[in-house]
Amino acid sequence: MNDQQLDCALDLMRRLPPQQIEKNLSDLIDLVPSLCEDLLSSVDQPLKIARDKVVGKDYLLCDYNRDGDSYRSPWSNKYEPPIEDGAMPSARLRKLEVEANNAFDQYRDLYFEGGVSSVYLWDLDHGFAGVILIKKAGDGSKKIKGCWDSIHVVEVQEKSSGRTAHYKLTSTVMLWLQTTKTGSGTMNLGGSLTRQMEKDETVGESSSHIANIGRLVEERSDSGRQAAEGRSEERLSGGTQAQTTVAPSAAARDAFSLFFCFFLLS
Amino acid sequence: MADFEEPLSDEEKVRIAANFVTHAPPGEFNEVFNDVRLLLNNDNLLREGASHSFAQYNMDQFTPAKLEGYEEPVLITEHGDLGQGRFLDPRNHLSFHFDHLRKEVSDVEPYEGETALRSWRDACDTALSAYVKEHYSTGVCTVYGKTVDGQQTVIACIEGHQFQPKNFWNGRCRSEWKLTIGQSTAHVVGVLKIQVHYYEDGNVQLVSHKEIEESIPVSSESQTAKEFVDIIENAENDYQTAINENYQTMSDTTFKALRRQLPVTRTKIDWNKILSYKIGKEMHNA
């Protein structure tokens, strides 16, 4: 019964307004408490920010750096609030995690010019997995408030030769846009989309795991950008039709084009 | 959360279930209902504690109801609620029973309702129907004439939707317009709502609403009805244009403020350089 209930719960989360994600998830867990852990690990929520007071840097919270009610900072590698025996990456993996955080901190700076990023890694049998998180809030210009959350989960399967690896990337982008203006009233466009891609890459000096993962994340974005530009053109040229269109279909077409553009550029 | 606290009572659980149902996106009531049914796992509790939410959902959404023998559907709204699951069709002077789960009409009977405002209602319905036919590809309108707080009021409800579940999206717009008829002026109040849901490998929703208030002079029924519908037409067109403009701004400005298409260098990242940068820095500090 539980598997079927989990399917229903996940289906429900894809239909209820994402603008109330946190309340929906909380109510769902109250309704079926036995699904709590499964839901927390499979439902993406808007990323929360915490401050690492030791290092003086912000970091992002998600299920992957959570142990009980504490969260591990990628900068100091410590749990807040402190706990005994919290889940930790191995020493070798922690070294890679430090490098990954530094690299994606720069990626974030170059593409987002602000915001917060965090990378958390964990060991697998024949490789490792990780999550790359980015959160950026808009400046509220033109009276539109926006916020962006990227969640890239990568699974790295190392081949026995050590010279190639298989990378599987699952990317979720959450986008929240709100505006209140005289002409358009209150307008709230928000939610998330998830896409997957896989690739084999050689691993070596000039193509370390982090470089390979970084290029994968960037490549997905670039092909998305080209597709997005194509879609924008499409939407703009179709937009000057006579006013005899049903508002929902026009709004729908535009909403999806727009959201898709945003999403593909994660 | 409920792990470490008392589990919720049946009453609290069914309240959550009912709340989920009222938030089903347009065209997805059945899917949400089935999900909730399996999660609550108690059909009696669901029926007894949540059936008010099924009715609430249909009234909120302005669900169209088809009556046999009549071409145009009638909308299910709070203004036509006659109690005991019966609703009013003010255009054809009928009342009927509506099954909120099956969305089916039965037990149709003649019903006179408030006759005092009939000619005002008819004039507005005629003018509005022409507007809806021209501007909505599959729109439906239902117009009521009622005395509200001692004032003669015409309430016009418009609904249009597109359900495309095979393409993973559904959308609906609703507008509710009230014309309060005074001695020399009539007061117009409108609420416009749009909701669109896209869910292929995700969940994206647009939710929007706008309120309008205006006054017009009162003359003949047909002239006032015409001016009422002119206001509606202008307001709904302006709203749609403004939404499109917002999309444009979001695309041009808001998005760029969130993420650049390329770094300032105008080329993609040299990842080896990025990785050696930090190491160099550390060595320098050591």
# chains A, B, ... in the order shown; residues from 1 in each chain; ligands from 1
call {"tool": "residues_around", "arguments": {"residues": "Arg94 in chain A", "least_positions_apart": "6", "cutoff": "12 Å", "atoms": "only C-alpha atoms", "output": "PyMOL selection string"}}
result
chain A and resi 73-78+88+100-101+119-123+128+130
call {"tool": "closest_atom_pairs", "arguments": {"of": "chain A", "to": "chain B", "cutoff": "6 Å", "atoms": "only C-alpha atoms", "output": "tab-separated table"}}
result
residue	atom	partner	partner_atom	distance
A:Gln5	CA	B:Leu39	CA	5.7
A:Cys8	CA	B:Asp35	CA	4.7
A:Arg14	CA	B:Asn203	CA	5.1
A:Asp30	CA	B:Ala2	CA	5.5
A:Leu31	CA	B:Lys13	CA	5.6
A:Ala103	CA	B:Ile274	CA	5.9
A:Leu110	CA	B:Pro263	CA	5.0
A:Tyr111	CA	B:Arg260	CA	5.1
A:Phe112	CA	B:Arg259	CA	4.7
A:Gly138	CA	B:Leu258	CA	5.5
A:Gly183	CA	B:Ala242	CA	5.4
A:Ser184	CA	B:Ala242	CA	4.9
A:Gly185	CA	B:Lys210	CA	4.3
A:Thr186	CA	B:Ser208	CA	5.4
A:Met187	CA	B:Ser208	CA	4.3
A:Asn188	CA	B:Val207	CA	5.2
A:Leu189	CA	B:Leu206	CA	4.3
A:Gly190	CA	B:Val204	CA	5.6
A:Gly191	CA	B:Val204	CA	4.1
A:Ser192	CA	B:Gly202	CA	5.4
A:Leu193	CA	B:Gly202	CA	4.1
A:Thr194	CA	B:Asp201	CA	5.6
A:Ala211	CA	B:Trp271	CA	5.3
A:Thr244	CA	B:His135	CA	4.5
A:Val246	CA	B:Tyr136	CA	4.7
A:Pro248	CA	B:Gly171	CA	5.2
A:Ala252	CA	B:Val196	CA	5.9
call {"tool": "write_last_selection", "arguments": {"atoms": "N, CA, C and O atoms", "output": "short mmCIF file (atom, residue, chain, number, x, y, z; two decimals), in the first residue's frame"}}
result
data_model
loop_
_atom_site.label_atom_id
_atom_site.label_comp_id
_atom_site.auth_asym_id
_atom_site.auth_seq_id
_atom_site.Cartn_x
_atom_site.Cartn_y
_atom_site.Cartn_z
N GLN A 5 0.80 4.63 -2.25
CA GLN A 5 0.56 5.90 -1.58
C GLN A 5 1.65 6.90 -1.92
O GLN A 5 1.39 8.08 -2.10
N CYS A 8 0.90 8.33 -5.28
CA CYS A 8 -0.18 9.32 -5.17
C CYS A 8 0.34 10.63 -4.59
O CYS A 8 -0.03 11.71 -5.05
N ARG A 14 2.82 17.20 -7.91
CA ARG A 14 2.97 17.74 -9.27
C ARG A 14 1.74 18.53 -9.70
O ARG A 14 1.75 19.16 -10.75
N ASP A 30 1.81 15.19 7.34
CA ASP A 30 0.85 15.06 8.45
C ASP A 30 -0.23 14.03 8.12
O ASP A 30 -0.68 13.28 8.99
N LEU A 31 -0.62 13.99 6.85
CA LEU A 31 -1.69 13.08 6.43
C LEU A 31 -1.21 11.63 6.42
O LEU A 31 -1.92 10.71 6.83
N ALA A 103 35.19 25.43 -7.23
CA ALA A 103 34.94 25.57 -8.66
C ALA A 103 33.55 26.11 -8.94
O ALA A 103 33.38 27.04 -9.74
N LEU A 110 30.45 33.74 -12.08
CA LEU A 110 30.53 34.11 -13.50
C LEU A 110 29.17 34.18 -14.18
O LEU A 110 28.92 35.04 -15.01
N TYR A 111 28.26 33.26 -13.84
CA TYR A 111 26.95 33.24 -14.50
C TYR A 111 25.89 34.00 -13.72
O TYR A 111 24.97 34.56 -14.30
N PHE A 112 25.96 33.98 -12.40
CA PHE A 112 24.89 34.56 -11.60
C PHE A 112 25.27 35.89 -10.96
O PHE A 112 24.41 36.63 -10.50
N GLY A 138 16.45 37.87 -7.36
CA GLY A 138 16.53 39.01 -8.27
C GLY A 138 16.55 40.32 -7.49
O GLY A 138 16.32 40.34 -6.29
N GLY A 183 -1.82 47.31 -14.27
CA GLY A 183 -2.35 46.70 -15.50
C GLY A 183 -2.63 45.21 -15.38
O GLY A 183 -3.67 44.72 -15.79
N SER A 184 -1.67 44.50 -14.78
CA SER A 184 -1.80 43.04 -14.78
C SER A 184 -2.24 42.48 -13.44
O SER A 184 -2.30 41.27 -13.27
N GLY A 185 -2.53 43.34 -12.46
CA GLY A 185 -2.96 42.85 -11.16
C GLY A 185 -1.85 42.07 -10.49
O GLY A 185 -0.67 42.42 -10.62
N THR A 186 -2.20 41.00 -9.83
CA THR A 186 -1.20 40.18 -9.17
C THR A 186 -0.90 39.00 -10.08
O THR A 186 -1.81 38.29 -10.50
N MET A 187 0.37 38.84 -10.40
CA MET A 187 0.75 37.76 -11.30
C MET A 187 1.85 36.95 -10.66
O MET A 187 2.86 37.50 -10.24
N ASN A 188 1.67 35.66 -10.57
CA ASN A 188 2.61 34.80 -9.89
C ASN A 188 2.90 33.59 -10.78
O ASN A 188 2.00 32.80 -11.06
N LEU A 189 4.13 33.51 -11.27
CA LEU A 189 4.51 32.39 -12.13
C LEU A 189 5.59 31.64 -11.40
O LEU A 189 6.63 32.20 -11.07
N GLY A 190 5.38 30.37 -11.11
CA GLY A 190 6.38 29.66 -10.34
C GLY A 190 6.28 28.17 -10.49
O GLY A 190 5.28 27.63 -10.96
N GLY A 191 7.36 27.50 -10.08
CA GLY A 191 7.34 26.05 -10.12
C GLY A 191 8.69 25.50 -10.48
O GLY A 191 9.70 26.19 -10.39
N SER A 192 8.71 24.22 -10.88
CA SER A 192 9.97 23.59 -11.20
C SER A 192 9.84 22.62 -12.36
O SER A 192 8.75 22.10 -12.62
N LEU A 193 10.95 22.44 -13.06
CA LEU A 193 11.02 21.45 -14.13
C LEU A 193 12.29 20.63 -13.92
O LEU A 193 13.30 21.17 -13.44
N THR A 194 12.25 19.36 -14.30
CA THR A 194 13.40 18.48 -14.12
C THR A 194 13.74 17.81 -15.44
O THR A 194 12.86 17.38 -16.16
N ALA A 211 35.92 18.92 -13.57
CA ALA A 211 35.90 19.57 -14.89
C ALA A 211 34.83 18.92 -15.76
O ALA A 211 34.08 19.61 -16.46
N THR A 244 -8.84 37.63 -30.68
CA THR A 244 -9.90 36.66 -30.45
C THR A 244 -9.35 35.31 -30.00
O THR A 244 -9.80 34.27 -30.43
N VAL A 246 -8.64 32.68 -26.86
CA VAL A 246 -9.06 32.39 -25.49
C VAL A 246 -7.89 32.71 -24.58
O VAL A 246 -6.80 32.22 -24.79
N PRO A 248 -6.87 31.68 -21.69
CA PRO A 248 -6.04 30.63 -21.11
C PRO A 248 -5.09 30.01 -22.12
O PRO A 248 -3.97 29.69 -21.77
N ALA A 252 -1.30 30.23 -21.59
CA ALA A 252 -0.61 28.96 -21.41
C ALA A 252 0.60 28.88 -22.32
O ALA A 252 1.70 28.61 -21.88
#
call {"tool": "closest_residue", "arguments": {"among": "B:Thr267, B:Asn44, B:Ser215, B:Ser222", "to": "Asp122 in chain B", "atoms": "only C-alpha atoms"}}
result
B:Ser222
call {"tool": "atom_distance", "arguments": {"atom1": "CA of Ser42 in chain A", "atom2": "CA of Asp109 in chain A"}}
result
28.4 Å
call {"tool": "select_by_dssp", "arguments": {"residues": "range 173-228 of chain B", "states": "helix (DSSP H, G or I)", "output": "list in words"}}
result
Glu221, Ser222, Gln223, Thr224, Ala225, Lys226, Glu227 and Phe228 of chain B
call {"tool": "residues_around", "arguments": {"residues": "Asn58 in chain B", "least_positions_apart": "3", "cutoff": "8 Å", "atoms": "only C-alpha atoms", "output": "MDAnalysis selection string"}}
result
chainID B and resid 54:55 61:63 76:77 100
call {"tool": "closest_residue", "arguments": {"among": "A:Leu93, A:Leu177, A:Ile134, A:Gln20", "to": "Gln106 in chain A", "atoms": "only C-alpha atoms"}}
result
A:Ile134
call {"tool": "closest_residue", "arguments": {"among": "A:Ser41, A:Thr182, A:Ser206, A:Thr170", "to": "Asp67 in chain A", "atoms": "only C-alpha atoms"}}
result
A:Ser41
call {"tool": "atom_distance", "arguments": {"atom1": "CA of Arg108 in chain A", "atom2": "CA of Val43 in chain A"}}
result
23.8 Å
call {"tool": "residues_around", "arguments": {"residues": "range 148-151 of chain B", "least_positions_apart": "3", "cutoff": "9 Å", "atoms": "only C-alpha atoms", "output": "PyMOL selection string"}}
result
chain B and resi 180-182
call {"tool": "write_last_selection", "arguments": {"atoms": "N, CA, C and O atoms", "output": "compact mmCIF listing (two decimals), in the first residue's frame"}}
result
# COMPACT_ATOMS: atom_id res chain seq x y z
N THR B 180 -24.25 47.02 -10.06
CA THR B 180 -25.23 47.41 -9.04
C THR B 180 -25.95 48.64 -9.56
O THR B 180 -25.33 49.69 -9.78
N ILE B 181 -27.25 48.50 -9.76
CA ILE B 181 -28.01 49.55 -10.45
C ILE B 181 -28.60 50.53 -9.44
O ILE B 181 -29.45 50.18 -8.62
N GLY B 182 -28.13 51.78 -9.54
CA GLY B 182 -28.65 52.84 -8.66
C GLY B 182 -29.65 53.69 -9.43
O GLY B 182 -30.08 53.33 -10.51
call {"tool": "residues_around", "arguments": {"residues": "Ser220 in chain B", "least_positions_apart": "4", "cutoff": "10 Å", "atoms": "only C-alpha atoms", "output": "list in words"}}
result
Trp120, Ala123, Thr224, Ala225 and Lys226 of chain B
call {"tool": "select_by_dssp", "arguments": {"residues": "range 49-275 of chain B", "states": "strand (DSSP E)", "output": "PyMOL selection string"}}
result
chain B and resi 64-65+74-75+81-83+86-89+94-99+104-110+139-148+151-164+169-181+185-198+202-217
call {"tool": "residues_around", "arguments": {"residues": "range 153-160 of chain A", "least_positions_apart": "6", "cutoff": "9 Å", "atoms": "only C-alpha atoms", "output": "number ranges by chain"}}
result
A: 124-133, 166-172, 209, 213
call {"tool": "write_last_selection", "arguments": {"atoms": "all heavy atoms", "output": "short mmCIF file (atom, residue, chain, number, x, y, z; two decimals), in the first residue's frame"}}
result
data_model
loop_
_atom_site.label_atom_id
_atom_site.label_comp_id
_atom_site.auth_asym_id
_atom_site.auth_seq_id
_atom_site.Cartn_x
_atom_site.Cartn_y
_atom_site.Cartn_z
N LEU A 124 29.54 6.28 -3.30
CA LEU A 124 28.75 5.16 -3.84
C LEU A 124 29.70 3.96 -3.93
O LEU A 124 30.91 4.12 -3.80
CB LEU A 124 28.24 5.49 -5.25
CG LEU A 124 27.20 6.59 -5.40
CD1 LEU A 124 26.86 6.78 -6.87
CD2 LEU A 124 25.93 6.26 -4.61
N ASP A 125 29.18 2.80 -4.26
CA ASP A 125 30.02 1.62 -4.36
C ASP A 125 31.16 1.76 -5.37
O ASP A 125 32.31 1.49 -5.07
CB ASP A 125 29.17 0.40 -4.75
CG ASP A 125 28.41 -0.13 -3.54
OD1 ASP A 125 28.89 0.12 -2.42
OD2 ASP A 125 27.35 -0.76 -3.72
N HIS A 126 30.83 2.17 -6.59
CA HIS A 126 31.86 2.26 -7.62
C HIS A 126 31.98 3.69 -8.13
O HIS A 126 32.05 3.93 -9.32
CB HIS A 126 31.54 1.33 -8.79
CG HIS A 126 31.49 -0.10 -8.36
ND1 HIS A 126 32.63 -0.81 -8.01
CD2 HIS A 126 30.45 -0.94 -8.19
CE1 HIS A 126 32.27 -2.03 -7.67
NE2 HIS A 126 30.96 -2.14 -7.75
N GLY A 127 31.99 4.61 -7.23
CA GLY A 127 32.06 6.00 -7.67
C GLY A 127 31.54 6.91 -6.57
O GLY A 127 31.74 6.64 -5.38
N PHE A 128 30.92 7.98 -6.95
CA PHE A 128 30.35 8.87 -5.95
C PHE A 128 29.19 9.64 -6.57
O PHE A 128 28.97 9.59 -7.78
CB PHE A 128 31.42 9.84 -5.42
CG PHE A 128 31.95 10.80 -6.46
CD1 PHE A 128 31.38 12.08 -6.59
CD2 PHE A 128 32.98 10.44 -7.31
CE1 PHE A 128 31.86 12.98 -7.55
CE2 PHE A 128 33.46 11.32 -8.26
CZ PHE A 128 32.91 12.59 -8.39
N ALA A 129 28.46 10.33 -5.72
CA ALA A 129 27.35 11.16 -6.21
C ALA A 129 27.44 12.51 -5.52
O ALA A 129 28.15 12.67 -4.53
CB ALA A 129 26.01 10.49 -5.91
N GLY A 130 26.74 13.44 -6.07
CA GLY A 130 26.78 14.77 -5.46
C GLY A 130 25.61 15.62 -5.88
O GLY A 130 24.88 15.28 -6.81
N VAL A 131 25.44 16.72 -5.18
CA VAL A 131 24.43 17.70 -5.56
C VAL A 131 25.08 19.07 -5.60
O VAL A 131 25.87 19.43 -4.73
CB VAL A 131 23.23 17.66 -4.60
CG1 VAL A 131 23.61 18.11 -3.18
CG2 VAL A 131 22.09 18.50 -5.12
N ILE A 132 24.79 19.80 -6.67
CA ILE A 132 25.30 21.16 -6.85
C ILE A 132 24.10 22.08 -6.72
O ILE A 132 23.14 21.95 -7.48
CB ILE A 132 25.94 21.32 -8.24
CG1 ILE A 132 27.10 20.34 -8.40
CG2 ILE A 132 26.41 22.76 -8.45
CD1 ILE A 132 27.30 19.87 -9.82
N LEU A 133 24.14 22.97 -5.75
CA LEU A 133 23.00 23.85 -5.48
C LEU A 133 23.37 25.30 -5.74
O LEU A 133 24.46 25.74 -5.37
CB LEU A 133 22.57 23.74 -4.01
CG LEU A 133 22.30 22.35 -3.47
CD1 LEU A 133 22.11 22.42 -1.95
CD2 LEU A 133 21.05 21.77 -4.10
N HIS A 166 31.10 7.21 -16.14
CA HIS A 166 29.78 7.49 -16.67
C HIS A 166 29.10 8.51 -15.77
O HIS A 166 29.01 8.30 -14.55
CB HIS A 166 28.96 6.19 -16.72
CG HIS A 166 27.62 6.37 -17.35
ND1 HIS A 166 27.44 6.53 -18.70
CD2 HIS A 166 26.38 6.45 -16.79
CE1 HIS A 166 26.15 6.68 -18.95
NE2 HIS A 166 25.48 6.65 -17.82
N TYR A 167 28.65 9.62 -16.36
CA TYR A 167 28.02 10.69 -15.59
C TYR A 167 26.54 10.77 -15.90
O TYR A 167 26.15 10.81 -17.05
CB TYR A 167 28.66 12.05 -15.94
CG TYR A 167 30.13 12.11 -15.63
CD1 TYR A 167 31.07 11.69 -16.57
CD2 TYR A 167 30.59 12.58 -14.40
CE1 TYR A 167 32.42 11.74 -16.30
CE2 TYR A 167 31.94 12.64 -14.12
CZ TYR A 167 32.86 12.21 -15.07
OH TYR A 167 34.19 12.26 -14.80
N LYS A 168 25.75 10.79 -14.84
CA LYS A 168 24.30 10.96 -15.03
C LYS A 168 23.88 12.21 -14.27
O LYS A 168 24.10 12.33 -13.07
CB LYS A 168 23.58 9.73 -14.47
CG LYS A 168 22.08 9.73 -14.71
CD LYS A 168 21.50 8.34 -14.47
CE LYS A 168 20.06 8.43 -14.00
NZ LYS A 168 19.58 7.14 -13.50
N LEU A 169 23.30 13.15 -15.01
CA LEU A 169 22.94 14.44 -14.42
C LEU A 169 21.43 14.64 -14.42
O LEU A 169 20.80 14.54 -15.46
CB LEU A 169 23.61 15.56 -15.22
CG LEU A 169 23.41 16.99 -14.74
CD1 LEU A 169 24.09 17.22 -13.40
CD2 LEU A 169 23.95 17.99 -15.76
N THR A 170 20.87 14.89 -13.24
CA THR A 170 19.43 15.20 -13.13
C THR A 170 19.33 16.62 -12.63
O THR A 170 19.75 16.93 -11.51
CB THR A 170 18.75 14.25 -12.12
OG1 THR A 170 18.98 12.91 -12.53
CG2 THR A 170 17.24 14.50 -12.08
N SER A 171 18.81 17.50 -13.47
CA SER A 171 18.78 18.92 -13.13
C SER A 171 17.37 19.40 -12.88
O SER A 171 16.47 19.17 -13.70
CB SER A 171 19.37 19.75 -14.27
OG SER A 171 20.69 19.35 -14.51
N THR A 172 17.17 20.07 -11.76
CA THR A 172 15.87 20.68 -11.45
C THR A 172 16.09 22.17 -11.27
O THR A 172 16.98 22.59 -10.55
CB THR A 172 15.30 20.10 -10.14
OG1 THR A 172 15.13 18.70 -10.30
CG2 THR A 172 13.95 20.73 -9.80
N HIS A 209 37.16 14.84 -12.62
CA HIS A 209 35.73 14.67 -12.41
C HIS A 209 35.02 16.02 -12.36
O HIS A 209 33.96 16.21 -12.97
CB HIS A 209 35.45 13.91 -11.12
CG HIS A 209 35.66 12.43 -11.26
ND1 HIS A 209 35.10 11.70 -12.28
CD2 HIS A 209 36.37 11.56 -10.50
CE1 HIS A 209 35.45 10.43 -12.15
NE2 HIS A 209 36.23 10.31 -11.08
N ILE A 213 32.12 17.28 -14.82
CA ILE A 213 30.78 17.62 -14.32
C ILE A 213 30.44 19.06 -14.68
O ILE A 213 29.34 19.37 -15.13
CB ILE A 213 30.70 17.41 -12.78
CG1 ILE A 213 30.84 15.92 -12.46
CG2 ILE A 213 29.38 17.94 -12.23
CD1 ILE A 213 31.05 15.63 -10.97
#
call {"tool": "closest_residue", "arguments": {"among": "A:Ile210, A:Met174, A:Val217, A:Val32", "to": "Leu96 in chain A", "atoms": "only C-alpha atoms"}}
result
A:Ile210
